[in-house]
Amino acid sequence: MYNKKVRGVLIQGNKTHGQITEEILAPQERKAPSWWFIAMFISSLAMAMGLWAIYTTISQGIGTWGVNNSIGWGWGIINFVWWIGIGHAGTAFSIFLLILRQKWRTSINRAAEAMTVVAVLCAGLFPLLHMGRIWMGIFVFPYPNSRGPLWVNFNSPLFWDVVAISTYLMASATFWYIGMIPDLATVRDRAKSKIKKTIYGLMSFGWVGTARSWLRFETAAMIIGGLAAPLVIAVHSIVSMDFATSVMAGWHTTVFPPYFVIGAIFSGFAMVLTLMIIIRKVYKFQDFVTQGHLDAITRILTFISLIMGTAYTTEIFIAWYSGMEGEIYTFFHNRISGDHTKAFWTMITCNAIIPQFFWFKKIRKNLTLVFIISIIINIGMWFERYVIVVTSLSKDYLPANWAAYSPTIVEVGTYVGTLGLFGIGVLLFLRYIPMMAMSELKMILKGTSIITNTKENDK
Amino acid sequence: MTNKKIFGVFDDEDNLVSTIRTIRDKGIKISDVVSPYPIHEVFDELKLKTKIPVAAFFYGIFGLLATFGFLYWTSVINYPLVFGGKPQNTLSFVIVIFIMVINITIVLTIVTFFLREKKGPGAKPSIEYPGITDDKYLIVIDVVSDTDVNSVNELLKSGGAIEVTEQ
């Protein structure tokens with residue numbers, strides 16, 4: 001059924017099922033290492049700055065931001081799109097690869113999904129803050145109200161965004177949690193202290209693992225996965241329509257939905273790579289996250305980078321081919337050359353050129369370089385959103401409206417704050433939740449990783 | 001009728017599956033099989049089926065009708081707002097419907113899963129045995145009046161069970 005030669009051994013070290021449980025849970029059953037507290041402290045500092053920025057924004061208003069009438073969407077929307085993009089990794093990993101029945105996903109999907117949930121939470125903050133009067137946030141939901149009742153505009157991409165992002169948060173969080181229940185039951189059964197047993201007992205919902213439960217569990221996971229796959233595509237297509245349905249030069253292009261979806265998966269995979277290299281190094285999970293796993297991710301990134309390059313080129317070509325002055329101006333005089341040259345070429349270099357180094361096996365095998373490139377991709381994807389949001393808005397059709405934009409400390413603060421929130425979320429995940437889907441690892445163990453069957457029973 | 005159960009404990013997947021097969025061929029009813037991960041051969045051997053996909057399909061249809069109904073009611077009946085001469089019952093409903101079908105189906109499927117499984121925060125595990133969520137497999141057989149306990153024990157032992165206990 002499974003061809004070992006294609007992917008090689010997925011879990012190295014000829015492990016038994018018991019060893020998998022032991023090794024994955026070992027970091028949690030030990031005391032937290034000192035680096036964990038240091039990282040938590042730094043993240044909390046960042047988050048504190050974010051809280052200050054949020055407080056300032058809410059108490060004083062959007063005037064504390066650098067946005068103006070022309071550039072109404074600054075860092076807030078850039079960061080929103082960036083976080084949502086990163087948030088697509090978990091779904092891309094666990095759901096696309098689940099549906100494609102790719103077994104190498106099993107040691108990465110849990111971390112990727114956890115990252116998704118935290119990233120979507122970070123993303124959701126920005127539109128809320130951008131409303132200015134956050135306490136009126138409920139107005140975006142269609143509820144029977146005292147205004148007529150006047151309903152929300154169901155034809156607006158901004159409303160679609162509300163529906164899509166909240167559905168996405170719900171779907172990814174539940175998918176993540178349900179997938180985790182069997183592993184939480186393992187933690188419960190191994191727990192020695194009473195408090196731990198009670199907490200994990202509550203969290204594991206009384207899971208036992210009878211055949212009937214497993215069948216329903218797998219079926220439900222497959223259905224949720226099957227539904228979430230089109231959802232991911234819809235979510236980022238809708239995010240792109242926030243831009244694409246406008247009349248701004250550089251925004252109203254039909255290539256936007258696929259371009260955004262691919263870009264999202266690109267940044268998501270890069271973030272997964274960053275995180276997995278750290279987890280692998282820090283927790284010594286080399287047996288579970290093998291060179292082969294990382295190699296597979298880098299290959300996907302190389303391919304997606306090519307698509308990104310194609311999308312950038314297509315945009316420029318179509319701008320020229322359309323013969324429309326506004327488009328030509330935006331692309332040729334406001335991006336390739338002009339005031340935003342640096343951001344544009346950073347985007348091109350980081351997203352379309354540097355990942356191409358992954359063609360070389362030597363670079364794919366050098367994890368330090370892979371780590372650096374994965375971070376470069378994330379920076380590049382941030383600049384992509386910067387280029388899209390700021391360049392188009394800064395110089396629209398009426399030169400009287402032209403404006404410059406630079407973020408204030410409050411905007412930077414919110415961004416730093418979400419980085420801190422992300423850090424805290426990931427650190428809590430690393431400490432309290434089984435980092436890899438143990439039940440799934442055990443499931444694929446026999447077919448993919450046991451070299452000699454005799455050893456397995458030696459206990 | 002006693003509530004006794006025989007637990008056959010295994011530590012190897014192949015032995016488990018072959019024992020399930022022999023026990024079933026003898027006509028003895030297996031009440032449950034517990035494993036730390038899903039084993040598809042076990043589903044086949046026990047002839048387990050689930051109707052969750054069928055339920056999910058109907059949830060999807062419900063989601064479609066409910067969302068379209070809501071959009072139609074708000075935009076056409078309750079407050080027909082004219083903007084730019086565009087139709088009130090528009091094609092762009094498709095997007096909200098698409099997302100809401102996914103949303104409603106996922107929520108209802110999860111609710112169904114937990115209701116059928118009778119699981120939730122605070123639910124107690126129905127079977128407890130050390131290692132079943134780690135690396136042990138269990139075959140659970142209910143002891144009813146006509147069960148020949150000894151022969152069942154014998155079958156489990158000969159199948160490779162590392163331990164046979166009664167609870």
# chains A, B, ... in the order shown; residues from 1 in each chain; ligands from 1
call {"tool": "residues_around", "arguments": {"residues": "segment 43-58 of chain B", "least_positions_apart": "2", "cutoff": "9 Å", "atoms": "only C-alpha atoms", "output": "number ranges by chain"}}
result
A: 211-212, 214-216, 219-220, 223; B: 17, 20-21, 24, 30, 32-33, 38-41, 60-63, 105-106, 108-109, 112-113
call {"tool": "residues_around", "arguments": {"residues": "Leu393 of chain A", "least_positions_apart": "3", "cutoff": "7 Å", "atoms": "only C-alpha atoms", "output": "JSON, numbers by chain"}}
result
{"A": [70, 71, 389, 390, 396]}
call {"tool": "write_last_selection", "arguments": {"atoms": "N, CA and C atoms", "output": "JSON list (two decimals), in the first residue's frame"}}
result
[["chain", "number", "residue", "atom", "x", "y", "z"],
["A", 70, "SER", "N", -5.90, 59.27, 2.56],
["A", 70, "SER", "CA", -5.54, 58.54, 1.35],
["A", 70, "SER", "C", -5.15, 57.11, 1.66],
["A", 71, "ILE", "N", -4.27, 56.98, 2.62],
["A", 71, "ILE", "CA", -3.83, 55.63, 2.99],
["A", 71, "ILE", "C", -4.58, 55.22, 4.24],
["A", 389, "VAL", "N", -0.92, 47.14, -0.19],
["A", 389, "VAL", "CA", -1.77, 48.10, 0.51],
["A", 389, "VAL", "C", -1.28, 49.53, 0.29],
["A", 390, "VAL", "N", 0.00, 49.76, 0.53],
["A", 390, "VAL", "CA", 0.46, 51.15, 0.60],
["A", 390, "VAL", "C", 0.68, 51.77, -0.78],
["A", 396, "ASP", "N", -3.29, 57.57, -5.86],
["A", 396, "ASP", "CA", -4.45, 57.12, -6.63],
["A", 396, "ASP", "C", -4.64, 58.02, -7.86]]
call {"tool": "interface_residues", "arguments": {"of": "chain A", "to": "chain B", "cutoff": "6 Å", "atoms": "only C-alpha atoms", "output": "PyMOL selection string"}}
result
chain A and resi 17-18+155+167+186+202+205-211+214+224+227+439+443
call {"tool": "residues_around", "arguments": {"residues": "Ile316 of chain A", "least_positions_apart": "2", "cutoff": "9 Å", "atoms": "only C-alpha atoms", "output": "list in words"}}
result
Ala311, Tyr312, Thr313, Thr314, Ile318, Ala319, Trp320, Tyr321, Glu327, Ile328, Phe331 and Phe332 of chain A
call {"tool": "write_last_selection", "arguments": {"atoms": "C-alpha atoms", "output": "compact mmCIF listing (two decimals), in the first residue's frame"}}
result
# COMPACT_ATOMS: atom_id res chain seq x y z
CA ALA A 311 1.99 35.99 -10.34
CA TYR A 312 4.23 39.04 -9.89
CA THR A 313 5.28 38.92 -13.54
CA THR A 314 1.71 38.42 -14.73
CA ILE A 318 -1.16 42.73 -17.59
CA ALA A 319 -0.69 46.27 -16.26
CA TRP A 320 1.34 47.09 -19.37
CA TYR A 321 -0.88 45.10 -21.71
CA GLU A 327 -2.20 50.64 -13.80
CA ILE A 328 0.96 51.38 -15.74
CA PHE A 331 3.32 49.20 -11.45
CA PHE A 332 6.09 50.92 -13.38
call {"tool": "closest_residue", "arguments": {"among": "B:Asn89, B:Glu166, B:Glu154, B:Asp25", "to": "Ile77 of chain B", "atoms": "only C-alpha atoms"}}
result
B:Asn89
call {"tool": "select_by_dssp", "arguments": {"residues": "segment 28-112 of chain B", "states": "alpha helix (DSSP H)", "output": "PyMOL selection string"}}
result
chain B and resi 40-46+52-72+93-112
call {"tool": "residues_around", "arguments": {"residues": "segment 284-295 of chain A", "least_positions_apart": "4", "cutoff": "9 Å", "atoms": "only C-alpha atoms", "output": "PyMOL selection string"}}
result
chain A and resi 7-13+23-24+104-105+107-108+273+276-277+279-280+299-300+361+364-365+367+370+436+441
call {"tool": "residues_around", "arguments": {"residues": "segment 424-435 of chain A", "least_positions_apart": "3", "cutoff": "10 Å", "atoms": "only C-alpha atoms", "output": "PyMOL selection string"}}
result
chain A and resi 21+24-33+36-37+39-44+46-47+107-112+114-115+117-119+121+180+183-184+186-187+200+275+279+283+418-421+438
call {"tool": "residues_around", "arguments": {"residues": "Ser158 of chain B", "least_positions_apart": "6", "cutoff": "10 Å", "atoms": "only C-alpha atoms", "output": "ChimeraX atom specification"}}
result
/B:15,19,152
call {"tool": "write_last_selection", "arguments": {"atoms": "N, CA, C and O atoms", "output": "mmCIF file, in the first residue's frame"}}
result
data_model
loop_
_atom_site.group_PDB
_atom_site.id
_atom_site.type_symbol
_atom_site.label_atom_id
_atom_site.label_comp_id
_atom_site.auth_asym_id
_atom_site.auth_seq_id
_atom_site.Cartn_x
_atom_site.Cartn_y
_atom_site.Cartn_z
ATOM 1 N N ASN B 15 -1.449 -9.803 15.804
ATOM 2 C CA ASN B 15 -2.078 -10.799 16.667
ATOM 3 C C ASN B 15 -3.498 -10.391 17.004
ATOM 4 O O ASN B 15 -4.409 -11.220 17.011
ATOM 5 N N THR B 19 -6.707 -12.625 16.028
ATOM 6 C CA THR B 19 -7.535 -13.167 17.111
ATOM 7 C C THR B 19 -8.990 -12.727 16.957
ATOM 8 O O THR B 19 -9.903 -13.514 17.176
ATOM 9 N N VAL B 152 -13.164 -18.958 25.836
ATOM 10 C CA VAL B 152 -12.821 -17.608 25.372
ATOM 11 C C VAL B 152 -11.408 -17.253 25.818
ATOM 12 O O VAL B 152 -10.580 -16.785 25.035
#
call {"tool": "residues_around", "arguments": {"residues": "Ala404 of chain A", "least_positions_apart": "4", "cutoff": "12 Å", "atoms": "only C-alpha atoms", "output": "JSON list (two decimals) with N, CA and C atoms, in the first residue's frame"}}
result
[["chain", "number", "residue", "atom", "x", "y", "z"],
["A", 66, "GLY", "N", -0.69, 56.07, 11.97],
["A", 66, "GLY", "CA", -0.15, 56.90, 10.90],
["A", 66, "GLY", "C", -1.02, 56.97, 9.67],
["A", 67, "VAL", "N", -2.16, 56.28, 9.69],
["A", 67, "VAL", "CA", -3.01, 56.25, 8.51],
["A", 67, "VAL", "C", -3.66, 57.61, 8.29],
["A", 68, "ASN", "N", -3.95, 57.92, 7.04],
["A", 68, "ASN", "CA", -4.60, 59.19, 6.73],
["A", 68, "ASN", "C", -5.72, 58.95, 5.72],
["A", 69, "ASN", "N", -6.31, 60.03, 5.23],
["A", 69, "ASN", "CA", -7.45, 59.87, 4.33],
["A", 69, "ASN", "C", -7.11, 59.06, 3.09],
["A", 70, "SER", "N", -5.90, 59.27, 2.56],
["A", 70, "SER", "CA", -5.54, 58.54, 1.35],
["A", 70, "SER", "C", -5.15, 57.11, 1.66],
["A", 71, "ILE", "N", -4.27, 56.98, 2.62],
["A", 71, "ILE", "CA", -3.83, 55.63, 2.99],
["A", 71, "ILE", "C", -4.58, 55.22, 4.24],
["A", 72, "GLY", "N", -5.80, 54.78, 4.04],
["A", 72, "GLY", "CA", -6.67, 54.44, 5.17],
["A", 72, "GLY", "C", -6.33, 53.08, 5.75],
["A", 74, "GLY", "N", -3.31, 50.94, 6.76],
["A", 74, "GLY", "CA", -1.86, 50.87, 6.93],
["A", 74, "GLY", "C", -1.43, 49.52, 7.46],
["A", 339, "ASP", "N", 8.82, 55.78, -5.31],
["A", 339, "ASP", "CA", 8.96, 55.89, -3.87],
["A", 339, "ASP", "C", 9.03, 54.56, -3.12],
["A", 340, "HIS", "N", 8.41, 53.53, -3.70],
["A", 340, "HIS", "CA", 8.32, 52.28, -2.94],
["A", 340, "HIS", "C", 9.21, 51.18, -3.50],
["A", 390, "VAL", "N", 0.00, 49.76, 0.53],
["A", 390, "VAL", "CA", 0.46, 51.15, 0.60],
["A", 390, "VAL", "C", 0.68, 51.77, -0.78],
["A", 391, "THR", "N", 1.33, 51.04, -1.71],
["A", 391, "THR", "CA", 1.63, 51.70, -2.98],
["A", 391, "THR", "C", 0.37, 52.14, -3.71],
["A", 392, "SER", "N", -0.61, 51.25, -3.75],
["A", 392, "SER", "CA", -1.82, 51.60, -4.50],
["A", 392, "SER", "C", -2.54, 52.77, -3.88],
["A", 393, "LEU", "N", -2.62, 52.78, -2.54],
["A", 393, "LEU", "CA", -3.36, 53.84, -1.88],
["A", 393, "LEU", "C", -2.61, 55.17, -1.90],
["A", 394, "SER", "N", -1.27, 55.09, -1.90],
["A", 394, "SER", "CA", -0.51, 56.34, -1.74],
["A", 394, "SER", "C", -0.67, 57.26, -2.94],
["A", 395, "LYS", "N", -0.79, 56.67, -4.14],
["A", 395, "LYS", "CA", -0.93, 57.53, -5.31],
["A", 395, "LYS", "C", -2.10, 57.03, -6.13],
["A", 396, "ASP", "N", -3.29, 57.57, -5.86],
["A", 396, "ASP", "CA", -4.45, 57.12, -6.63],
["A", 396, "ASP", "C", -4.64, 58.02, -7.86]]
call {"tool": "select_by_dssp", "arguments": {"residues": "segment 60-144 of chain B", "states": "strand (DSSP E or B)", "output": "PyMOL selection string"}}
result
chain B and resi 137-142
call {"tool": "closest_residue", "arguments": {"among": "A:Phe260, A:Phe360, A:Phe371, A:Phe422", "to": "Val235 of chain A", "atoms": "only C-alpha atoms"}}
result
A:Phe260
